[in-house]
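Peer 1: Following this message is one structure expressed as structure tokens.
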Amino acid sequence: MAFNVNGLSNYTKEESLQLLTKAMFTSKTASLLSGAGQVLPGIKSAEILPLLSSDVFFQADSCSYQSSGNTTISQRTLTVGKVKVQETLCPKDLETKYTQKALAAGEAIDMGVFTEQIGAEKAGDIAEIIETAIWQGDLNSSNPNLNKWDGFLTILDSLGFGGAGDPIRGNVGGAYSSITASNIDDILGTIYSVIPAALLDKPDLFIAMGTDTFRLYRQWLVGANLFHYSPTEIQSMEIIDPITGIKIYGLNGMNGTNKIVAGLWSHFFLGTDLMNEEENFEFIFNPFERRIQFHAAFKYGTQISFCDQVTYFKL
């Protein structure tokens, strides 16, 4: 005799893409980069980002041909990490809990309702971990949630300051040893002073910090009697700085780092293999064990194209 599973619901395909998209692109940083068109799909392992820069020198017009300037082609590699999340759920475990009050005599537990709620919760939790890993991911970390790919801060840390292709040092001369509500305005002023002038009129120029640092910034705004910002802006952790005119973001992914990044969103990339069938987010009923098995699998990674145009503050 074999199990007849014709009456069992499949908890898989209909919601899988929606839940996976929610998990991968609803964190704040992921949403900002997705909105800016900075997500590269279809990456199975790694992808080269070709970089081109060219000098232009105006010359006096004459009949002779005089070559000047250089066109440089370089590259950076975006490598994605492979991630999976799995959990087994036993409906029988719920029979002695409060859920029994919703059941008629002899009625089986409808896991459809629970999988929908559990799926949404899982998607939210995965999104929060991704948010942190986008910035703080480190292949050398002992934290299994952070060692699948190198995040933006790890990429910048690996470069240092002063060399070709290195980011611009935002903590000029190491003048700051802490970030407080009293000096955050001076820190932002220093960062602003070293951002390349050619970037200042770019519409996607931003300054990003942790929400913990943003809270100190808000305290400075209040202390400076700058009350003209709406509560919605403060609550969303997005505000246009009154001094620099640059939009500042508070991001949970940068919490606990005491680091601030200024640059163009167009230089920051997310990589994924989302369009491939290897990405899954599903609930499957196992008829042999009478359990619900949750499975999520995806690939994710980050890279910065022109690090030498990023201003990086750290203590």
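Identifiers in this document derive from the order of the structure tokens: chains are assigned A, B, ..., residues are numbered from 1 separately in each chain, and ligands are numbered from 1 in order of occurrence.
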Check segment 141-272 of chain A with DSSP on the backbone and list each residue it calls alpha helix (DSSP H), as a PyMOL selection string.
Peer 2: chain A and resi 152-157+184-194+211-223+231-235
Peer 1: Near segment 132-135 of chain A, counting only C-alpha atoms, which residues have an atom at most 6 Å away, once you skip same-chain residues fewer than 5 positions from it, shown as a ChimeraX atom specification?
Peer 2: /A:146,151-153,253
Peer 1: I'd like to know which of A:Val310, A:Leu200, A:Ile246, A:Leu251 is closest to Ser31 of chain A, using only C-alpha atoms.
Peer 2: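 Between A:Val310, A:Leu200, A:Ile246, A:Leu251, the residue approaching Ser31 of chain A most closely is A:Leu251.
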Peer 1: At a cut-off of 8 Å, using only C-alpha atoms, what residues contact Thr302 of chain A? Leave out same-chain residues fewer than 4 positions from it and give the result as a compact mmCIF listing (two decimals) with N, CA and C atoms, in the first residue's frame.
Peer 2:
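File written: out25.txt
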# COMPACT_ATOMS: atom_id res chain seq x y z
N LEU A 78 32.51 40.34 -8.65
CA LEU A 78 31.42 40.16 -7.70
C LEU A 78 31.18 38.66 -7.55
N THR A 79 31.48 38.14 -6.37
CA THR A 79 31.33 36.72 -6.08
C THR A 79 30.15 36.52 -5.14
N VAL A 80 29.23 35.63 -5.52
CA VAL A 80 28.06 35.39 -4.68
C VAL A 80 28.31 34.20 -3.76
N ILE A 134 24.91 42.53 3.86
CA ILE A 134 25.25 43.41 2.74
C ILE A 134 26.38 44.35 3.13
N TRP A 149 29.49 35.92 2.11
CA TRP A 149 30.08 36.83 1.13
C TRP A 149 30.65 38.04 1.87
N ASP A 150 31.55 38.76 1.21
CA ASP A 150 32.11 39.98 1.78
C ASP A 150 31.17 41.15 1.52
N GLY A 151 30.82 41.87 2.58
CA GLY A 151 29.95 43.03 2.46
C GLY A 151 30.72 44.29 2.10
N PHE A 152 30.00 45.38 1.92
CA PHE A 152 30.61 46.63 1.48
C PHE A 152 31.70 47.11 2.44
N PHE A 268 27.62 50.88 -6.21
CA PHE A 268 27.41 49.77 -5.28
C PHE A 268 26.49 48.75 -5.94
N PHE A 269 26.89 47.48 -5.90
CA PHE A 269 26.16 46.43 -6.61
C PHE A 269 25.79 45.27 -5.69
N LEU A 270 24.60 44.72 -5.97
CA LEU A 270 24.19 43.44 -5.39
C LEU A 270 24.16 42.42 -6.51
N GLY A 271 24.61 41.22 -6.23
CA GLY A 271 24.56 40.14 -7.21
C GLY A 271 23.74 38.98 -6.68
Peer 1: Please indicate the distance in Å from atom CA of Asn258 of chain A to atom CA of Thr154 of chain A, rounded to one decimal place.
Peer 2: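 Between atom CA of Asn258 of chain A and atom CA of Thr154 of chain A the gap works out to 13.6 Å.
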Peer 1: Please identify all polymer residues within 10 Å of segment 157-173 of chain A, counting only C-alpha atoms, omitting same-chain residues fewer than 6 positions from it, and present them as a PDB file with N, CA, C and O atoms, in the first residue's frame.
Peer 2:
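Below you can see out00.pdb, which holds the result:
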ATOM      1  N   ASP A 150      31.547  38.757   1.206  1.00  0.00           N
ATOM      2  CA  ASP A 150      32.108  39.981   1.776  1.00  0.00           C
ATOM      3  C   ASP A 150      31.168  41.148   1.517  1.00  0.00           C
ATOM      4  O   ASP A 150      30.760  41.401   0.383  1.00  0.00           O
ATOM      5  N   GLY A 151      30.815  41.872   2.581  1.00  0.00           N
ATOM      6  CA  GLY A 151      29.947  43.027   2.460  1.00  0.00           C
ATOM      7  C   GLY A 151      30.719  44.285   2.103  1.00  0.00           C
ATOM      8  O   GLY A 151      31.953  44.293   2.015  1.00  0.00           O
ATOM      9  N   ILE A 187      31.895  65.691  12.159  1.00  0.00           N
ATOM     10  CA  ILE A 187      32.296  64.520  11.388  1.00  0.00           C
ATOM     11  C   ILE A 187      31.714  64.579   9.986  1.00  0.00           C
ATOM     12  O   ILE A 187      32.417  64.354   8.990  1.00  0.00           O
ATOM     13  N   LEU A 188      30.423  64.898   9.891  1.00  0.00           N
ATOM     14  CA  LEU A 188      29.791  64.991   8.575  1.00  0.00           C
ATOM     15  C   LEU A 188      30.396  66.124   7.756  1.00  0.00           C
ATOM     16  O   LEU A 188      30.554  66.006   6.530  1.00  0.00           O
ATOM     17  N   GLY A 189      30.761  67.217   8.428  1.00  0.00           N
ATOM     18  CA  GLY A 189      31.412  68.318   7.722  1.00  0.00           C
ATOM     19  C   GLY A 189      32.764  67.905   7.170  1.00  0.00           C
ATOM     20  O   GLY A 189      33.134  68.282   6.049  1.00  0.00           O
ATOM     21  N   THR A 190      33.505  67.113   7.949  1.00  0.00           N
ATOM     22  CA  THR A 190      34.802  66.619   7.483  1.00  0.00           C
ATOM     23  C   THR A 190      34.639  65.672   6.303  1.00  0.00           C
ATOM     24  O   THR A 190      35.383  65.752   5.317  1.00  0.00           O
ATOM     25  N   ILE A 191      33.662  64.766   6.406  1.00  0.00           N
ATOM     26  CA  ILE A 191      33.387  63.845   5.291  1.00  0.00           C
ATOM     27  C   ILE A 191      33.038  64.635   4.035  1.00  0.00           C
ATOM     28  O   ILE A 191      33.549  64.362   2.941  1.00  0.00           O
ATOM     29  N   TYR A 192      32.177  65.617   4.195  1.00  0.00           N
ATOM     30  CA  TYR A 192      31.758  66.442   3.059  1.00  0.00           C
ATOM     31  C   TYR A 192      32.943  67.132   2.409  1.00  0.00           C
ATOM     32  O   TYR A 192      33.009  67.263   1.179  1.00  0.00           O
ATOM     33  N   SER A 193      33.898  67.560   3.213  1.00  0.00           N
ATOM     34  CA  SER A 193      35.035  68.326   2.688  1.00  0.00           C
ATOM     35  C   SER A 193      35.963  67.496   1.812  1.00  0.00           C
ATOM     36  O   SER A 193      36.729  68.056   1.019  1.00  0.00           O
ATOM     37  N   VAL A 194      35.916  66.157   1.939  1.00  0.00           N
ATOM     38  CA  VAL A 194      36.824  65.315   1.153  1.00  0.00           C
ATOM     39  C   VAL A 194      36.115  64.520   0.063  1.00  0.00           C
ATOM     40  O   VAL A 194      36.758  63.792  -0.694  1.00  0.00           O
ATOM     41  N   ILE A 195      34.792  64.631  -0.011  1.00  0.00           N
ATOM     42  CA  ILE A 195      34.081  64.001  -1.133  1.00  0.00           C
ATOM     43  C   ILE A 195      34.539  64.687  -2.420  1.00  0.00           C
ATOM     44  O   ILE A 195      34.592  65.915  -2.484  1.00  0.00           O
ATOM     45  N   PRO A 196      34.913  63.938  -3.452  1.00  0.00           N
ATOM     46  CA  PRO A 196      35.337  64.570  -4.706  1.00  0.00           C
ATOM     47  C   PRO A 196      34.296  65.571  -5.202  1.00  0.00           C
ATOM     48  O   PRO A 196      33.102  65.279  -5.254  1.00  0.00           O
ATOM     49  N   LYS A 259      30.813  53.315  11.592  1.00  0.00           N
ATOM     50  CA  LYS A 259      31.368  53.631  10.280  1.00  0.00           C
ATOM     51  C   LYS A 259      30.338  54.408   9.459  1.00  0.00           C
ATOM     52  O   LYS A 259      29.126  54.222   9.630  1.00  0.00           O
ATOM     53  N   ILE A 260      30.836  55.273   8.594  1.00  0.00           N
ATOM     54  CA  ILE A 260      29.990  56.089   7.731  1.00  0.00           C
ATOM     55  C   ILE A 260      30.553  56.009   6.317  1.00  0.00           C
ATOM     56  O   ILE A 260      31.772  56.090   6.121  1.00  0.00           O
ATOM     57  N   VAL A 261      29.669  55.854   5.354  1.00  0.00           N
ATOM     58  CA  VAL A 261      30.074  55.731   3.953  1.00  0.00           C
ATOM     59  C   VAL A 261      29.378  56.806   3.133  1.00  0.00           C
ATOM     60  O   VAL A 261      28.168  57.026   3.277  1.00  0.00           O
ATOM     61  N   ALA A 262      30.135  57.485   2.286  1.00  0.00           N
ATOM     62  CA  ALA A 262      29.568  58.456   1.350  1.00  0.00           C
ATOM     63  C   ALA A 262      29.983  58.066  -0.061  1.00  0.00           C
ATOM     64  O   ALA A 262      31.163  57.767  -0.312  1.00  0.00           O
ATOM     65  N   GLY A 263      29.036  58.027  -0.974  1.00  0.00           N
ATOM     66  CA  GLY A 263      29.362  57.649  -2.351  1.00  0.00           C
ATOM     67  C   GLY A 263      28.132  57.716  -3.230  1.00  0.00           C
ATOM     68  O   GLY A 263      27.095  58.259  -2.844  1.00  0.00           O
ATOM     69  N   SER A 305      32.204  49.269  -7.431  1.00  0.00           N
ATOM     70  CA  SER A 305      32.959  49.427  -8.673  1.00  0.00           C
ATOM     71  C   SER A 305      34.141  50.385  -8.508  1.00  0.00           C
ATOM     72  O   SER A 305      35.295  49.972  -8.642  1.00  0.00           O
ATOM     73  N   PHE A 306      33.887  51.651  -8.203  1.00  0.00           N
ATOM     74  CA  PHE A 306      34.966  52.637  -8.092  1.00  0.00           C
ATOM     75  C   PHE A 306      35.163  53.013  -6.628  1.00  0.00           C
ATOM     76  O   PHE A 306      34.627  54.009  -6.133  1.00  0.00           O
ATOM     77  N   CYS A 307      35.950  52.201  -5.930  1.00  0.00           N
ATOM     78  CA  CYS A 307      36.172  52.424  -4.496  1.00  0.00           C
ATOM     79  C   CYS A 307      36.904  53.741  -4.231  1.00  0.00           C
ATOM     80  O   CYS A 307      36.756  54.320  -3.152  1.00  0.00           O
ATOM     81  N   ASP A 308      37.693  54.199  -5.203  1.00  0.00           N
ATOM     82  CA  ASP A 308      38.439  55.433  -4.993  1.00  0.00           C
ATOM     83  C   ASP A 308      37.550  56.675  -5.014  1.00  0.00           C
ATOM     84  O   ASP A 308      38.023  57.778  -4.756  1.00  0.00           O
ATOM     85  N   GLN A 309      36.258  56.497  -5.298  1.00  0.00           N
ATOM     86  CA  GLN A 309      35.320  57.609  -5.225  1.00  0.00           C
ATOM     87  C   GLN A 309      34.381  57.487  -4.026  1.00  0.00           C
ATOM     88  O   GLN A 309      33.411  58.235  -3.907  1.00  0.00           O
ATOM     89  N   VAL A 310      34.697  56.552  -3.142  1.00  0.00           N
ATOM     90  CA  VAL A 310      33.917  56.358  -1.920  1.00  0.00           C
ATOM     91  C   VAL A 310      34.663  56.991  -0.754  1.00  0.00           C
ATOM     92  O   VAL A 310      35.862  56.754  -0.575  1.00  0.00           O
ATOM     93  N   THR A 311      33.973  57.804   0.019  1.00  0.00           N
ATOM     94  CA  THR A 311      34.561  58.376   1.222  1.00  0.00           C
ATOM     95  C   THR A 311      34.151  57.496   2.397  1.00  0.00           C
ATOM     96  O   THR A 311      32.957  57.248   2.605  1.00  0.00           O
ATOM     97  N   TYR A 312      35.140  57.031   3.144  1.00  0.00           N
ATOM     98  CA  TYR A 312      34.914  56.002   4.160  1.00  0.00           C
ATOM     99  C   TYR A 312      35.414  56.508   5.507  1.00  0.00           C
ATOM    100  O   TYR A 312      36.604  56.740   5.699  1.00  0.00           O
ATOM    101  N   PHE A 313      34.485  56.652   6.448  1.00  0.00           N
ATOM    102  CA  PHE A 313      34.838  57.088   7.797  1.00  0.00           C
ATOM    103  C   PHE A 313      34.805  55.900   8.740  1.00  0.00           C
ATOM    104  O   PHE A 313      33.827  55.159   8.804  1.00  0.00           O
ATOM    105  N   LYS A 314      35.882  55.723   9.498  1.00  0.00           N
ATOM    106  CA  LYS A 314      35.889  54.754  10.589  1.00  0.00           C
ATOM    107  C   LYS A 314      36.851  55.255  11.654  1.00  0.00           C
ATOM    108  O   LYS A 314      37.760  56.044  11.402  1.00  0.00           O
ATOM    109  N   LEU A 315      36.593  54.819  12.870  1.00  0.00           N
ATOM    110  CA  LEU A 315      37.398  55.285  14.006  1.00  0.00           C
ATOM    111  C   LEU A 315      38.769  54.637  14.009  1.00  0.00           C
ATOM    112  O   LEU A 315      38.971  53.576  13.441  1.00  0.00           O
TER     113      LEU A 315
END
Peer 1: Rounded to one decimal, what separation in Å do you get between atom CA of Ser141 of chain A and atom CA of Phe25 of chain A?
Peer 2: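 Between atom CA of Ser141 of chain A and atom CA of Phe25 of chain A the gap is 23.2 Å.
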Peer 1: State, in Å with one decimal place, the distance from atom CA of Ser178 of chain A to atom CA of Ile248 of chain A.
Peer 2: 19.2 Å
Peer 1: In segment 152-266 of chain A, what's strand (DSSP E) per DSSP? Answer as a list in words?
Peer 2: Ile168, Arg169, Leu205, Phe206, Ile207, Ala208, Met209, Gly210, Glu238, Ile239, Ile240, Lys247, Ile248, Tyr249, Gly250, Leu251, Lys259, Ile260, Val261, Ala262, Gly263 and Leu264 of chain A
Peer 1: Output C-alpha atoms for every residue in that selection, as a PDB file, in the first residue's frame.
Peer 2:
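File produced: part.pdb:
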ATOM      1  CA  ILE A 168      39.057  58.324   0.567  1.00  0.00           C
ATOM      2  CA  ARG A 169      39.697  58.559   4.297  1.00  0.00           C
ATOM      3  CA  LEU A 205      25.098  60.807  -3.892  1.00  0.00           C
ATOM      4  CA  PHE A 206      24.370  59.526  -0.385  1.00  0.00           C
ATOM      5  CA  ILE A 207      25.762  59.230   3.122  1.00  0.00           C
ATOM      6  CA  ALA A 208      24.995  56.005   4.995  1.00  0.00           C
ATOM      7  CA  MET A 209      25.405  55.192   8.682  1.00  0.00           C
ATOM      8  CA  GLY A 210      23.928  52.811  11.217  1.00  0.00           C
ATOM      9  CA  GLU A 238      16.174  59.252   5.721  1.00  0.00           C
ATOM     10  CA  ILE A 239      16.870  62.962   5.766  1.00  0.00           C
ATOM     11  CA  ILE A 240      18.536  65.652   3.685  1.00  0.00           C
ATOM     12  CA  LYS A 247      20.621  62.642   1.710  1.00  0.00           C
ATOM     13  CA  ILE A 248      21.588  60.694   4.809  1.00  0.00           C
ATOM     14  CA  TYR A 249      20.338  57.169   5.490  1.00  0.00           C
ATOM     15  CA  GLY A 250      20.216  55.266   8.746  1.00  0.00           C
ATOM     16  CA  LEU A 251      20.670  51.571   7.934  1.00  0.00           C
ATOM     17  CA  LYS A 259      31.368  53.631  10.280  1.00  0.00           C
ATOM     18  CA  ILE A 260      29.990  56.089   7.731  1.00  0.00           C
ATOM     19  CA  VAL A 261      30.074  55.731   3.953  1.00  0.00           C
ATOM     20  CA  ALA A 262      29.568  58.456   1.350  1.00  0.00           C
ATOM     21  CA  GLY A 263      29.362  57.649  -2.351  1.00  0.00           C
ATOM     22  CA  LEU A 264      27.132  57.094  -5.356  1.00  0.00           C
TER      23      LEU A 264
END
Peer 1: Please determine, counting only C-alpha atoms, which residue among A:Thr213, A:Asn145, A:Ser182, A:Ser27 has the shortest atom-to-atom distance to Val85 of chain A.
Peer 2: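 Looking only at the distances to Val85 of chain A, the closest residue turns out to be A:Asn145.
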Peer 1: Counting only C-alpha atoms, figure out which residue out of A:Ala175, A:Leu89, A:Met24, A:Met254 gets nearest to Ile292 of chain A.
Peer 2: A:Leu89
